[in-house]
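*Asks:* One file is attached below, entry-v2.cif, containing mmCIF, C-alpha atoms and all ligand atoms.
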data_my_file
#
loop_
_atom_site.group_PDB
_atom_site.id
_atom_site.type_symbol
_atom_site.label_atom_id
_atom_site.label_comp_id
_atom_site.auth_asym_id
_atom_site.auth_seq_id
_atom_site.Cartn_x
_atom_site.Cartn_y
_atom_site.Cartn_z
ATOM 1 C CA MET W 236 -14.019 16.232 9.208
ATOM 2 C CA LYS W 237 -12.963 13.581 6.707
ATOM 3 C CA LYS W 238 -15.705 11.342 5.346
ATOM 4 C CA THR W 239 -15.431 7.638 4.693
ATOM 5 C CA GLU W 240 -15.995 6.522 1.135
ATOM 6 C CA GLN W 241 -16.978 3.262 -0.532
ATOM 7 C CA CYS W 242 -14.322 2.846 -3.222
ATOM 8 C CA LYS W 243 -14.432 0.349 -6.055
ATOM 9 C CA LEU W 244 -11.385 -1.940 -6.387
ATOM 10 C CA ILE W 245 -10.602 -1.726 -10.081
ATOM 11 C CA LYS W 246 -7.272 -3.589 -10.227
ATOM 12 C CA LYS W 247 -5.777 -6.211 -7.958
ATOM 13 C CA THR W 248 -2.399 -7.909 -8.459
ATOM 14 C CA GLU W 249 -0.378 -10.158 -6.180
ATOM 15 C CA ILE W 250 3.046 -8.789 -7.140
ATOM 16 C CA ILE W 251 5.000 -11.352 -5.106
ATOM 17 C CA PRO W 252 3.547 -13.971 -2.746
ATOM 18 C CA GLY W 253 1.706 -12.187 0.070
ATOM 19 C CA ILE W 254 2.062 -8.652 -1.341
ATOM 20 C CA PHE W 255 -0.996 -7.153 -3.030
ATOM 21 C CA ASP W 256 -1.118 -4.115 -5.305
ATOM 22 C CA PHE W 257 -4.600 -2.502 -5.248
ATOM 23 C CA VAL W 258 -5.940 0.338 -7.413
ATOM 24 C CA ILE W 259 -9.197 1.896 -6.265
ATOM 25 C CA GLU W 260 -11.451 4.530 -7.802
ATOM 26 C CA SER W 261 -11.896 7.819 -5.927
ATOM 27 C CA ASP W 262 -11.853 11.300 -7.413
ATOM 28 C CA GLU W 263 -11.732 12.968 -4.017
ATOM 29 C CA ILE W 264 -8.865 10.956 -2.525
ATOM 30 C CA SER W 265 -6.965 11.016 -5.795
ATOM 31 C CA LYS W 266 -7.077 14.832 -5.910
ATOM 32 C CA ALA W 267 -6.265 15.370 -2.240
ATOM 33 C CA ALA W 268 -3.528 12.729 -1.823
ATOM 34 C CA GLN W 269 -0.050 13.905 -0.909
ATOM 35 C CA CYS W 270 3.000 11.681 -0.831
ATOM 36 C CA GLY W 271 3.577 10.116 2.582
ATOM 37 C CA GLN W 272 -0.082 10.259 3.600
ATOM 38 C CA PHE W 273 -2.051 7.110 4.320
ATOM 39 C CA LEU W 274 -5.511 5.582 3.949
ATOM 40 C CA HIS W 275 -7.362 4.107 6.930
ATOM 41 C CA ILE W 276 -9.017 1.023 5.546
ATOM 42 C CA LYS W 277 -11.919 -1.090 6.777
ATOM 43 C CA CYS W 278 -10.605 -4.482 5.760
ATOM 44 C CA GLY W 279 -13.799 -6.505 6.204
ATOM 45 C CA ASP W 280 -16.367 -7.732 8.726
ATOM 46 C CA LYS W 281 -13.945 -9.667 10.954
ATOM 47 C CA THR W 282 -11.700 -6.729 11.827
ATOM 48 C CA PHE W 283 -13.269 -3.885 13.783
ATOM 49 C CA LEU W 284 -10.422 -1.373 13.624
ATOM 50 C CA ARG W 285 -9.304 0.113 10.337
ATOM 51 C CA ARG W 286 -5.749 -0.583 9.151
ATOM 52 C CA PRO W 287 -3.400 2.167 7.933
ATOM 53 C CA ILE W 288 -1.846 1.662 4.477
ATOM 54 C CA SER W 289 0.268 4.263 2.675
ATOM 55 C CA ILE W 290 -0.672 5.896 -0.578
ATOM 56 C CA CYS W 291 1.718 4.543 -3.190
ATOM 57 C CA ASP W 292 0.416 6.597 -6.084
ATOM 58 C CA ALA W 293 -2.595 8.723 -7.014
ATOM 59 C CA GLY W 294 -3.968 10.536 -10.038
ATOM 60 C CA ASP W 295 -6.639 10.447 -12.754
ATOM 61 C CA GLY W 296 -9.359 9.533 -10.280
ATOM 62 C CA THR W 297 -7.531 6.493 -8.934
ATOM 63 C CA VAL W 298 -5.421 5.683 -5.890
ATOM 64 C CA ARG W 299 -2.918 2.857 -5.574
ATOM 65 C CA PHE W 300 -1.772 1.160 -2.385
ATOM 66 C CA ILE W 301 0.343 -1.938 -1.839
ATOM 67 C CA PHE W 302 0.315 -4.066 1.280
ATOM 68 C CA GLU W 303 1.776 -7.202 2.765
ATOM 69 C CA VAL W 304 -0.520 -9.734 4.405
ATOM 70 C CA LYS W 305 0.490 -9.704 8.084
ATOM 71 C CA GLY W 306 -2.557 -10.711 10.123
ATOM 72 C CA GLU W 307 -6.338 -10.885 10.117
ATOM 73 C CA GLY W 308 -6.985 -7.407 8.678
ATOM 74 C CA THR W 309 -4.668 -7.550 5.705
ATOM 75 C CA GLU W 310 -5.751 -11.166 5.062
ATOM 76 C CA GLU W 311 -9.385 -10.032 4.795
ATOM 77 C CA LEU W 312 -8.400 -7.106 2.603
ATOM 78 C CA SER W 313 -6.486 -9.385 0.248
ATOM 79 C CA ASP W 314 -9.654 -11.488 -0.243
ATOM 80 C CA ILE W 315 -11.667 -8.598 -1.737
ATOM 81 C CA PRO W 316 -12.197 -9.329 -5.437
ATOM 82 C CA GLU W 317 -11.773 -6.909 -8.324
ATOM 83 C CA GLY W 318 -15.052 -5.027 -8.688
ATOM 84 C CA GLY W 319 -15.677 -5.186 -4.924
ATOM 85 C CA TYR W 320 -15.935 -2.136 -2.673
ATOM 86 C CA ILE W 321 -13.647 -1.014 0.166
ATOM 87 C CA ASN W 322 -14.562 1.513 2.855
ATOM 88 C CA ILE W 323 -11.755 4.046 3.068
ATOM 89 C CA LEU W 324 -11.048 7.064 5.254
ATOM 90 C CA GLY W 325 -8.442 9.407 3.858
ATOM 91 C CA PRO W 326 -6.083 10.732 2.840
ATOM 92 C CA LEU W 327 -4.816 11.131 6.413
ATOM 93 C CA GLY W 328 -1.724 12.366 8.181
ATOM 94 C CA HIS W 329 1.144 14.706 7.547
ATOM 95 C CA GLY W 330 3.180 13.523 4.570
ATOM 96 C CA PHE W 331 6.613 14.351 3.155
ATOM 97 C CA GLU W 332 7.386 18.054 2.738
ATOM 98 C CA ILE W 333 8.897 18.919 -0.614
ATOM 99 C CA LYS W 334 10.925 22.132 -0.705
ATOM 100 C CA ASP W 335 13.528 23.349 -3.147
ATOM 101 C CA TYR W 336 16.138 20.759 -2.129
ATOM 102 C CA LYS W 337 19.368 20.091 -4.032
ATOM 103 C CA ASN W 338 20.172 16.426 -4.709
ATOM 104 C CA PRO W 339 17.362 14.778 -2.729
ATOM 105 C CA LEU W 340 17.948 11.205 -1.641
ATOM 106 C CA ILE W 341 15.320 8.573 -0.869
ATOM 107 C CA ILE W 342 15.971 5.431 1.125
ATOM 108 C CA GLY W 343 13.403 2.720 1.833
ATOM 109 C CA GLY W 344 13.287 -0.788 3.185
ATOM 110 C CA GLY W 345 10.800 -3.651 2.780
ATOM 111 C CA ILE W 346 7.167 -2.545 2.780
ATOM 112 C CA GLY W 347 8.442 0.972 3.549
ATOM 113 C CA VAL W 348 9.270 1.472 -0.120
ATOM 114 C CA PHE W 349 5.615 1.891 -1.142
ATOM 115 C CA PRO W 350 4.979 5.512 -0.001
ATOM 116 C CA LEU W 351 8.313 6.522 -1.522
ATOM 117 C CA TYR W 352 7.129 5.895 -5.076
ATOM 118 C CA LYS W 353 4.794 8.896 -5.236
ATOM 119 C CA LEU W 354 7.478 10.938 -3.479
ATOM 120 C CA ALA W 355 10.044 10.005 -6.165
ATOM 121 C CA LYS W 356 7.534 11.011 -8.847
ATOM 122 C CA ASP W 357 6.653 14.283 -7.099
ATOM 123 C CA LEU W 358 10.376 15.118 -6.866
ATOM 124 C CA GLY W 359 10.391 15.123 -10.662
ATOM 125 C CA GLY W 360 12.447 11.961 -11.103
ATOM 126 C CA GLU W 361 15.576 13.699 -9.763
ATOM 127 C CA ALA W 362 16.067 11.885 -6.481
ATOM 128 C CA ASN W 363 18.677 9.198 -6.053
ATOM 129 C CA VAL W 364 16.960 6.168 -4.586
ATOM 130 C CA PHE W 365 18.251 3.359 -2.338
ATOM 131 C CA LEU W 366 15.934 0.412 -1.678
ATOM 132 C CA GLY W 367 16.715 -2.516 0.598
ATOM 133 C CA PHE W 368 14.997 -5.899 0.867
ATOM 134 C CA ARG W 369 15.543 -9.073 2.874
ATOM 135 C CA ASP W 370 16.492 -11.180 -0.150
ATOM 136 C CA LYS W 371 15.998 -11.383 -3.919
ATOM 137 C CA SER W 372 12.542 -12.950 -3.613
ATOM 138 C CA ARG W 373 11.234 -9.841 -1.759
ATOM 139 C CA VAL W 374 12.459 -7.223 -4.261
ATOM 140 C CA VAL W 375 9.499 -5.203 -5.602
ATOM 141 C CA MET W 376 8.901 -2.175 -7.848
ATOM 142 C CA GLU W 377 12.490 -2.101 -9.102
ATOM 143 C CA ASP W 378 11.663 -1.066 -12.679
ATOM 144 C CA GLU W 379 9.020 1.406 -11.550
ATOM 145 C CA PHE W 380 11.446 3.186 -9.206
ATOM 146 C CA LYS W 381 14.158 3.169 -11.884
ATOM 147 C CA ALA W 382 11.755 5.012 -14.191
ATOM 148 C CA VAL W 383 11.177 7.837 -11.668
ATOM 149 C CA SER W 384 14.621 8.331 -10.120
ATOM 150 C CA GLY W 385 18.097 9.549 -11.015
ATOM 151 C CA MET W 386 20.181 6.647 -9.782
ATOM 152 C CA CYS W 387 18.444 3.670 -8.175
ATOM 153 C CA VAL W 388 20.416 1.219 -6.010
ATOM 154 C CA ILE W 389 18.768 -2.028 -4.917
ATOM 155 C CA GLY W 390 20.279 -4.036 -2.082
ATOM 156 C CA THR W 391 19.530 -7.215 -0.187
ATOM 157 C CA ASP W 392 20.459 -8.056 3.393
ATOM 158 C CA ASP W 393 21.694 -11.521 2.383
ATOM 159 C CA GLY W 394 23.473 -10.358 -0.798
ATOM 160 C CA SER W 395 21.296 -12.469 -3.102
ATOM 161 C CA TYR W 396 20.639 -9.446 -5.371
ATOM 162 C CA GLY W 397 22.259 -6.040 -5.885
ATOM 163 C CA TYR W 398 24.238 -4.354 -3.114
ATOM 164 C CA ASN W 399 25.262 -6.926 -0.492
ATOM 165 C CA GLY W 400 24.244 -5.771 2.995
ATOM 166 C CA TYR W 401 22.101 -3.191 4.731
ATOM 167 C CA ILE W 402 20.992 -0.454 2.342
ATOM 168 C CA ALA W 403 21.792 2.283 4.895
ATOM 169 C CA SER W 404 25.498 1.323 4.540
ATOM 170 C CA ALA W 405 25.274 1.734 0.762
ATOM 171 C CA MET W 406 23.737 5.176 1.283
ATOM 172 C CA GLU W 407 26.379 6.131 3.861
ATOM 173 C CA ASN W 408 29.196 5.262 1.436
ATOM 174 C CA TYR W 409 27.494 7.144 -1.388
ATOM 175 C CA ILE W 410 26.947 10.428 0.453
ATOM 176 C CA LYS W 411 30.639 10.615 1.457
ATOM 177 C CA ASP W 412 31.447 11.626 -2.150
ATOM 178 C CA ASN W 413 28.010 12.831 -3.271
ATOM 179 C CA PRO W 414 26.523 15.403 -0.912
ATOM 180 C CA CYS W 415 22.760 15.510 -0.775
ATOM 181 C CA GLY W 416 20.408 18.237 0.462
ATOM 182 C CA VAL W 417 17.806 16.050 2.138
ATOM 183 C CA ILE W 418 17.114 12.422 2.966
ATOM 184 C CA PHE W 419 13.595 10.965 2.916
ATOM 185 C CA SER W 420 13.074 7.549 4.451
ATOM 186 C CA CYS W 421 10.510 4.897 5.312
ATOM 187 C CA GLY W 422 11.173 1.359 6.480
ATOM 188 C CA PRO W 423 11.825 -0.855 9.485
ATOM 189 C CA ALA W 424 12.841 0.828 12.754
ATOM 190 C CA PRO W 425 16.506 -0.355 12.719
ATOM 191 C CA MET W 426 16.924 1.127 9.229
ATOM 192 C CA LEU W 427 15.307 4.422 10.259
ATOM 193 C CA LYS W 428 17.596 4.538 13.298
ATOM 194 C CA ALA W 429 20.674 4.099 11.080
ATOM 195 C CA VAL W 430 19.415 6.694 8.566
ATOM 196 C CA LYS W 431 18.702 9.210 11.349
ATOM 197 C CA SER W 432 22.173 8.748 12.796
ATOM 198 C CA ILE W 433 23.913 9.060 9.399
ATOM 199 C CA ALA W 434 21.868 12.146 8.418
ATOM 200 C CA GLU W 435 22.340 13.932 11.707
ATOM 201 C CA GLY W 436 26.064 12.997 11.822
ATOM 202 C CA SER W 437 26.474 14.599 8.381
ATOM 203 C CA GLY W 438 24.248 17.613 9.098
ATOM 204 C CA ILE W 439 21.701 16.608 6.437
ATOM 205 C CA GLU W 440 17.997 17.426 6.843
ATOM 206 C CA CYS W 441 16.026 14.198 7.097
ATOM 207 C CA GLN W 442 12.326 13.272 7.030
ATOM 208 C CA LEU W 443 11.318 9.869 8.429
ATOM 209 C CA SER W 444 7.991 8.110 8.018
ATOM 210 C CA LEU W 445 7.126 6.087 11.132
ATOM 211 C CA GLU W 446 4.949 3.019 11.449
ATOM 212 C CA GLN W 447 2.996 2.559 14.618
ATOM 213 C CA ARG W 448 -0.062 0.490 15.490
ATOM 214 C CA MET W 449 -3.074 2.756 15.128
ATOM 215 C CA GLY W 450 -6.613 3.072 16.405
ATOM 216 C CA CYS W 451 -8.754 5.891 15.056
ATOM 217 C CA GLY W 452 -6.243 7.344 12.556
ATOM 218 C CA ILE W 453 -7.475 10.906 13.168
ATOM 219 C CA GLY W 454 -5.697 11.892 16.360
ATOM 220 C CA ALA W 455 -8.436 11.179 18.875
ATOM 221 C CA CYS W 456 -7.532 7.887 20.567
ATOM 222 C CA LEU W 457 -3.768 8.337 21.223
ATOM 223 C CA VAL W 458 -2.992 4.640 20.463
ATOM 224 C CA CYS W 459 -0.195 5.650 18.098
ATOM 225 C CA SER W 460 1.514 8.168 20.408
ATOM 226 C CA CYS W 461 5.301 8.146 20.184
ATOM 227 C CA GLU W 462 7.930 9.908 22.262
ATOM 228 C CA THR W 463 9.552 12.888 20.564
ATOM 229 C CA ILE W 464 11.803 15.790 21.475
ATOM 230 C CA PHE W 465 10.178 19.080 20.546
ATOM 231 C CA GLU W 466 11.791 22.432 21.337
ATOM 232 C CA GLY W 467 14.148 20.664 23.765
ATOM 233 C CA MET W 468 11.343 18.964 25.702
ATOM 234 C CA ASN W 469 10.131 15.364 25.704
ATOM 235 C CA ARG W 470 6.672 15.289 24.216
ATOM 236 C CA TYR W 471 4.261 12.667 22.918
ATOM 237 C CA MET W 472 3.042 13.096 19.368
ATOM 238 C CA ARG W 473 0.450 11.140 17.404
ATOM 239 C CA VAL W 474 1.842 9.280 14.414
ATOM 240 C CA CYS W 475 -1.553 9.450 12.671
ATOM 241 C CA LYS W 476 -1.996 13.214 12.998
ATOM 242 C CA ASN W 477 1.404 14.867 13.563
ATOM 243 C CA GLY W 478 3.005 12.211 11.323
ATOM 244 C CA PRO W 479 3.530 9.646 9.948
ATOM 245 C CA VAL W 480 6.346 11.816 8.537
ATOM 246 C CA PHE W 481 8.514 13.665 11.060
ATOM 247 C CA ASP W 482 11.735 15.649 10.982
ATOM 248 C CA SER W 483 14.373 13.137 12.162
ATOM 249 C CA ARG W 484 15.546 15.529 14.896
ATOM 250 C CA VAL W 485 12.160 15.317 16.591
ATOM 251 C CA VAL W 486 11.949 11.526 16.584
ATOM 252 C CA LYS W 487 13.333 9.221 19.303
ATOM 253 C CA LEU W 488 14.265 5.803 17.898
HETATM 254 C C1 LIG I 501 1.148 5.121 8.552
HETATM 255 C C2 LIG I 501 1.279 3.653 8.204
HETATM 256 C C3 LIG I 501 1.400 3.284 6.896
HETATM 257 C C4 LIG I 501 1.506 1.924 6.542
HETATM 258 N N1 LIG I 501 1.645 1.608 5.242
HETATM 259 C C5 LIG I 501 1.747 0.315 4.881
HETATM 260 C C6 LIG I 501 1.873 -0.045 3.506
HETATM 261 O O1 LIG I 501 1.899 0.814 2.609
HETATM 262 N N2 LIG I 501 1.959 -1.356 3.204
HETATM 263 C C7 LIG I 501 1.953 -2.335 4.179
HETATM 264 O O2 LIG I 501 2.074 -3.512 3.856
HETATM 265 N N3 LIG I 501 1.834 -2.031 5.484
HETATM 266 C C8 LIG I 501 1.734 -0.739 5.866
HETATM 267 N N4 LIG I 501 1.583 -0.419 7.187
HETATM 268 C C9 LIG I 501 1.529 -1.518 8.190
HETATM 269 C C10 LIG I 501 0.095 -2.072 8.227
HETATM 270 O O3 LIG I 501 -0.769 -1.079 8.751
HETATM 271 C C11 LIG I 501 0.057 -3.309 9.168
HETATM 272 O O4 LIG I 501 0.819 -4.337 8.605
HETATM 273 C C12 LIG I 501 -1.393 -3.781 9.300
HETATM 274 O O5 LIG I 501 -2.123 -2.846 10.054
HETATM 275 C C13 LIG I 501 -1.434 -5.144 9.975
HETATM 276 O O6 LIG I 501 -2.812 -5.444 10.181
HETATM 277 P P1 LIG I 501 -3.299 -6.961 10.276
HETATM 278 O O7 LIG I 501 -4.665 -6.987 10.827
HETATM 279 O O8 LIG I 501 -3.064 -7.683 8.991
HETATM 280 O O9 LIG I 501 -2.292 -7.567 11.285
HETATM 281 P P2 LIG I 501 -2.398 -7.619 12.888
HETATM 282 O O10 LIG I 501 -3.066 -8.903 13.240
HETATM 283 O O11 LIG I 501 -2.944 -6.362 13.402
HETATM 284 O O12 LIG I 501 -0.880 -7.747 13.148
HETATM 285 C C14 LIG I 501 -0.074 -8.751 12.519
HETATM 286 C C15 LIG I 501 1.387 -8.440 12.772
HETATM 287 O O13 LIG I 501 1.741 -7.164 12.187
HETATM 288 C C16 LIG I 501 2.292 -6.314 13.183
HETATM 289 N N5 LIG I 501 1.806 -4.945 12.941
HETATM 290 C C17 LIG I 501 0.532 -4.499 13.050
HETATM 291 N N6 LIG I 501 0.454 -3.189 12.786
HETATM 292 C C18 LIG I 501 1.703 -2.777 12.505
HETATM 293 C C19 LIG I 501 2.276 -1.542 12.176
HETATM 294 N N7 LIG I 501 1.550 -0.429 12.092
HETATM 295 N N8 LIG I 501 3.595 -1.509 11.961
HETATM 296 C C20 LIG I 501 4.345 -2.608 12.059
HETATM 297 N N9 LIG I 501 3.866 -3.817 12.367
HETATM 298 C C21 LIG I 501 2.570 -3.906 12.606
HETATM 299 C C22 LIG I 501 1.779 -6.845 14.494
HETATM 300 O O14 LIG I 501 2.655 -6.537 15.568
HETATM 301 C C23 LIG I 501 1.706 -8.331 14.249
HETATM 302 O O15 LIG I 501 2.964 -8.950 14.469
HETATM 303 C C24 LIG I 501 1.502 0.931 7.572
HETATM 304 C C25 LIG I 501 1.381 1.309 8.892
HETATM 305 C C26 LIG I 501 1.269 2.650 9.222
HETATM 306 C C27 LIG I 501 1.164 3.062 10.658
#
Would you encode the structure as structure tokens?
*Replies:*
Amino acid sequence: MKKTEQCKLIKKTEIIPGIFDFVIESDEISKAAQCGQFLHIKCGDKTFLRRPISICDAGDGTVRFIFEVKGEGTEELSDIPEGGYINILGPLGHGFEIKDYKNPLIIGGGIGVFPLYKLAKDLGGEANVFLGFRDKSRVVMEDEFKAVSGMCVIGTDDGSYGYNGYIASAMENYIKDNPCGVIFSCGPAPMLKAVKSIAEGSGIECQLSLEQRMGCGIGACLVCSCETIFEGMNRYMRVCKNGPVFDSRVVKL
């Protein structure tokens, strides 16, 4: 059984308005963390349920996560000052599986890019990375991803920076001439749907990280159940326990 831990917030940065980059101290979580896993965070006194936030990076006794302020929970979390303590349960969930893939490709959108950073690092800086954002003002972590990837393409939906249009289209064009062995993805549902369809249409293995509202985070309450197809049968799986990362062929989007 995972224990909760009081973790000291040692670095806090608002990287763009409404998006906070937190580094906490925890030897245990730092050692155990795998890319694609998440932390279940007690945001403060006002919010009863914990909120799931992906591990962006981990090592040397610290863990980094980045979140957008969406509602009451993330608002409370963003108010915690440097030096304050955060109650964290984790690392939780089934993350990305790294095998001996040739030419791995990573594609992320919006706040879905955060768990992909540790993945890009763990892939040894060899993955080609595609990151999409709404517009130029929402582009984050560009230089950091460039430092841990082969090629890194940034796109914006409105064309205000980088590739003009949905990032899944940029990836689709790229893989026509540059075959890849696996696609890893995290982002908004329409993007994941496009990525799944492109990967499966091209016969490429694909791992998708899903976001679902969660309750307990440890597989007990079933709040985050999602419909999947497993061994030819419709089946409900728990995003917190069986996921958040699934083989695209299992997921119904
Ligand atoms: C496995 C996992 C990993 C995540 N990782 C990150 C991360 O790294 N960074 C980050 O910014 N966010 C991440 N999220 C989303 C984050 O958990 C939600 O934004 C947060 O729980 C909202 O809580 P709140 O109290 O601020 O907002 P609420 O008041 O609970 O909700 C505010 C708004 O956000 C929407 N919302 C709530 N939960 C989710 C959710 N799970 N997915 C999509 N929309 C939601 C609600 O529908 C509502 O419109 C992740 C979610 C999951 C399931």
*Asks:* Evaluated on this file, the PyMOL selection byres (((chain W and resi 444-460) around 10) and not hetatm) picks out some residues - which ones are they, written as a VMD selection string?
*Replies:* chain W and resid 236 to 237 271 to 276 283 to 288 324 to 325 327 to 331 343 347 350 to 351 419 to 424 427 442 to 443 461 to 463 470 to 483 486 488
*Asks:* Write a file of the just-selected residues containing C-alpha atoms, as a PDB file, keeping the file's coordinate frame.
*Replies:*
ATOM      1  CA  MET W 236     -14.019  16.232   9.208  1.00  0.00           C
ATOM      2  CA  LYS W 237     -12.963  13.581   6.707  1.00  0.00           C
ATOM      3  CA  GLY W 271       3.577  10.116   2.582  1.00  0.00           C
ATOM      4  CA  GLN W 272      -0.082  10.259   3.600  1.00  0.00           C
ATOM      5  CA  PHE W 273      -2.051   7.110   4.320  1.00  0.00           C
ATOM      6  CA  LEU W 274      -5.511   5.582   3.949  1.00  0.00           C
ATOM      7  CA  HIS W 275      -7.362   4.107   6.930  1.00  0.00           C
ATOM      8  CA  ILE W 276      -9.017   1.023   5.546  1.00  0.00           C
ATOM      9  CA  PHE W 283     -13.269  -3.885  13.783  1.00  0.00           C
ATOM     10  CA  LEU W 284     -10.422  -1.373  13.624  1.00  0.00           C
ATOM     11  CA  ARG W 285      -9.304   0.113  10.337  1.00  0.00           C
ATOM     12  CA  ARG W 286      -5.749  -0.583   9.151  1.00  0.00           C
ATOM     13  CA  PRO W 287      -3.400   2.167   7.933  1.00  0.00           C
ATOM     14  CA  ILE W 288      -1.846   1.662   4.477  1.00  0.00           C
ATOM     15  CA  LEU W 324     -11.048   7.064   5.254  1.00  0.00           C
ATOM     16  CA  GLY W 325      -8.442   9.407   3.858  1.00  0.00           C
ATOM     17  CA  LEU W 327      -4.816  11.131   6.413  1.00  0.00           C
ATOM     18  CA  GLY W 328      -1.724  12.366   8.181  1.00  0.00           C
ATOM     19  CA  HIS W 329       1.144  14.706   7.547  1.00  0.00           C
ATOM     20  CA  GLY W 330       3.180  13.523   4.570  1.00  0.00           C
ATOM     21  CA  PHE W 331       6.613  14.351   3.155  1.00  0.00           C
ATOM     22  CA  GLY W 343      13.403   2.720   1.833  1.00  0.00           C
ATOM     23  CA  GLY W 347       8.442   0.972   3.549  1.00  0.00           C
ATOM     24  CA  PRO W 350       4.979   5.512  -0.001  1.00  0.00           C
ATOM     25  CA  LEU W 351       8.313   6.522  -1.522  1.00  0.00           C
ATOM     26  CA  PHE W 419      13.595  10.965   2.916  1.00  0.00           C
ATOM     27  CA  SER W 420      13.074   7.549   4.451  1.00  0.00           C
ATOM     28  CA  CYS W 421      10.510   4.897   5.312  1.00  0.00           C
ATOM     29  CA  GLY W 422      11.173   1.359   6.480  1.00  0.00           C
ATOM     30  CA  PRO W 423      11.825  -0.855   9.485  1.00  0.00           C
ATOM     31  CA  ALA W 424      12.841   0.828  12.754  1.00  0.00           C
ATOM     32  CA  LEU W 427      15.307   4.422  10.259  1.00  0.00           C
ATOM     33  CA  GLN W 442      12.326  13.272   7.030  1.00  0.00           C
ATOM     34  CA  LEU W 443      11.318   9.869   8.429  1.00  0.00           C
ATOM     35  CA  CYS W 461       5.301   8.146  20.184  1.00  0.00           C
ATOM     36  CA  GLU W 462       7.930   9.908  22.262  1.00  0.00           C
ATOM     37  CA  THR W 463       9.552  12.888  20.564  1.00  0.00           C
ATOM     38  CA  ARG W 470       6.672  15.289  24.216  1.00  0.00           C
ATOM     39  CA  TYR W 471       4.261  12.667  22.918  1.00  0.00           C
ATOM     40  CA  MET W 472       3.042  13.096  19.368  1.00  0.00           C
ATOM     41  CA  ARG W 473       0.450  11.140  17.404  1.00  0.00           C
ATOM     42  CA  VAL W 474       1.842   9.280  14.414  1.00  0.00           C
ATOM     43  CA  CYS W 475      -1.553   9.450  12.671  1.00  0.00           C
ATOM     44  CA  LYS W 476      -1.996  13.214  12.998  1.00  0.00           C
ATOM     45  CA  ASN W 477       1.404  14.867  13.563  1.00  0.00           C
ATOM     46  CA  GLY W 478       3.005  12.211  11.323  1.00  0.00           C
ATOM     47  CA  PRO W 479       3.530   9.646   9.948  1.00  0.00           C
ATOM     48  CA  VAL W 480       6.346  11.816   8.537  1.00  0.00           C
ATOM     49  CA  PHE W 481       8.514  13.665  11.060  1.00  0.00           C
ATOM     50  CA  ASP W 482      11.735  15.649  10.982  1.00  0.00           C
ATOM     51  CA  SER W 483      14.373  13.137  12.162  1.00  0.00           C
ATOM     52  CA  VAL W 486      11.949  11.526  16.584  1.00  0.00           C
ATOM     53  CA  LEU W 488      14.265   5.803  17.898  1.00  0.00           C
TER      54      LEU W 488
END
*Asks:* Just checking: using all atoms listed in the file, which residue out of W:Tyr352, W:Phe368, W:Phe255, W:Phe302 ends up closest to ligand LIG 501 (chain I)?
*Replies:*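 Answer, going by the shortest atom-to-atom distance: W:Phe302.
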*Asks:* For Arg373 of chain W, list every protein, DNA or RNA residue within 12 Å, evaluated using all atoms listed in the file, and leave out those in the same chain fewer than 4 positions away; present the list as a list in words.
*Replies:*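 Everything that qualifies: Ile250, Ile251, Pro252, Gly253, Ile254, Glu303, Gly344, Gly345, Ile346, Val348, Leu366, Gly367, Phe368, Arg369, Glu377, Ile389, Gly390, Thr391, Asp392, Asp393, Ser395 and Tyr396 of chain W.
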*Asks:* Ranking W:Lys487, W:Val383, W:Asp335, W:Glu317 by minimum distance to Lys428 of chain W and counting all atoms listed in the file, which one comes first?
*Replies:*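 With all atoms listed in the file as the atom set, the closest residue is W:Lys487.
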*Asks:* Measuring between only C-alpha atoms and all ligand atoms, which one of W:Arg299, W:Lys305, W:Lys277, W:Lys246 shows the shortest distance to ligand LIG 501 (chain I)?
*Replies:* W:Lys305
*Asks:* Just the residues within 12 Å of segment 357-361 of chain W, please, counting only C-alpha atoms, with nothing from its chain fewer than 5 positions along; format it as a ChimeraX atom specification.
*Replies:* /W:268-271,291-294,331-341,350-352,379-387,415,417,419
*Asks:* Pick from W:Asn399, W:Asn363, W:Thr282, W:Asn469: nearest to ligand LIG 501 (chain I), with only C-alpha atoms and all ligand atoms counted?
*Replies:*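 Closest to ligand LIG 501 (chain I), using only C-alpha atoms and all ligand atoms: W:Thr282.
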*Asks:* Mind giving me the axis-aligned box for ligand LIG 501 (chain I) with 6 Å on every side, centre plus edges in Å to one decimal, as JSON?
*Replies:*
{"center_x": -0.2, "center_y": -1.9, "center_z": 9.1, "size_x": 21.0, "size_y": 26.1, "size_z": 25.0}
*Asks:* Taking 6 positions as the minimum chain separation for residues in the same chain, which residues sit within 7 Å of segment 403-411 of chain W when counting only C-alpha atoms? Answer as a list in words.
*Replies:*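 Here the qualifying residues turn out to be Phe365, Met426, Ala429, Val430 and Ile433 of chain W.
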*Asks:* Would you mind listing what lies within 7 Å of Val258 of chain W as a VMD selection string, with all atoms listed in the file counted and same-chain residues fewer than 6 positions away left out?
*Replies:* chain W and resid 244 to 247 297 to 300
*Asks:* Selection from above, C-alpha atoms, as a PDB file, in the frame of the given file, can you write it?
*Replies:*
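Saved as part28.pdb:
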ATOM      1  CA  LEU W 244     -11.385  -1.940  -6.387  1.00  0.00           C
ATOM      2  CA  ILE W 245     -10.602  -1.726 -10.081  1.00  0.00           C
ATOM      3  CA  LYS W 246      -7.272  -3.589 -10.227  1.00  0.00           C
ATOM      4  CA  LYS W 247      -5.777  -6.211  -7.958  1.00  0.00           C
ATOM      5  CA  THR W 297      -7.531   6.493  -8.934  1.00  0.00           C
ATOM      6  CA  VAL W 298      -5.421   5.683  -5.890  1.00  0.00           C
ATOM      7  CA  ARG W 299      -2.918   2.857  -5.574  1.00  0.00           C
ATOM      8  CA  PHE W 300      -1.772   1.160  -2.385  1.00  0.00           C
TER       9      PHE W 300
END
*Asks:* With distances taken over all atoms listed in the file, which of W:Asp256, W:Glu263, W:Asp295, W:Asp370 is nearest to ligand LIG 501 (chain I)?
*Replies:*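 Looking at the shortest contact to ligand LIG 501 (chain I), the residue is W:Asp256.
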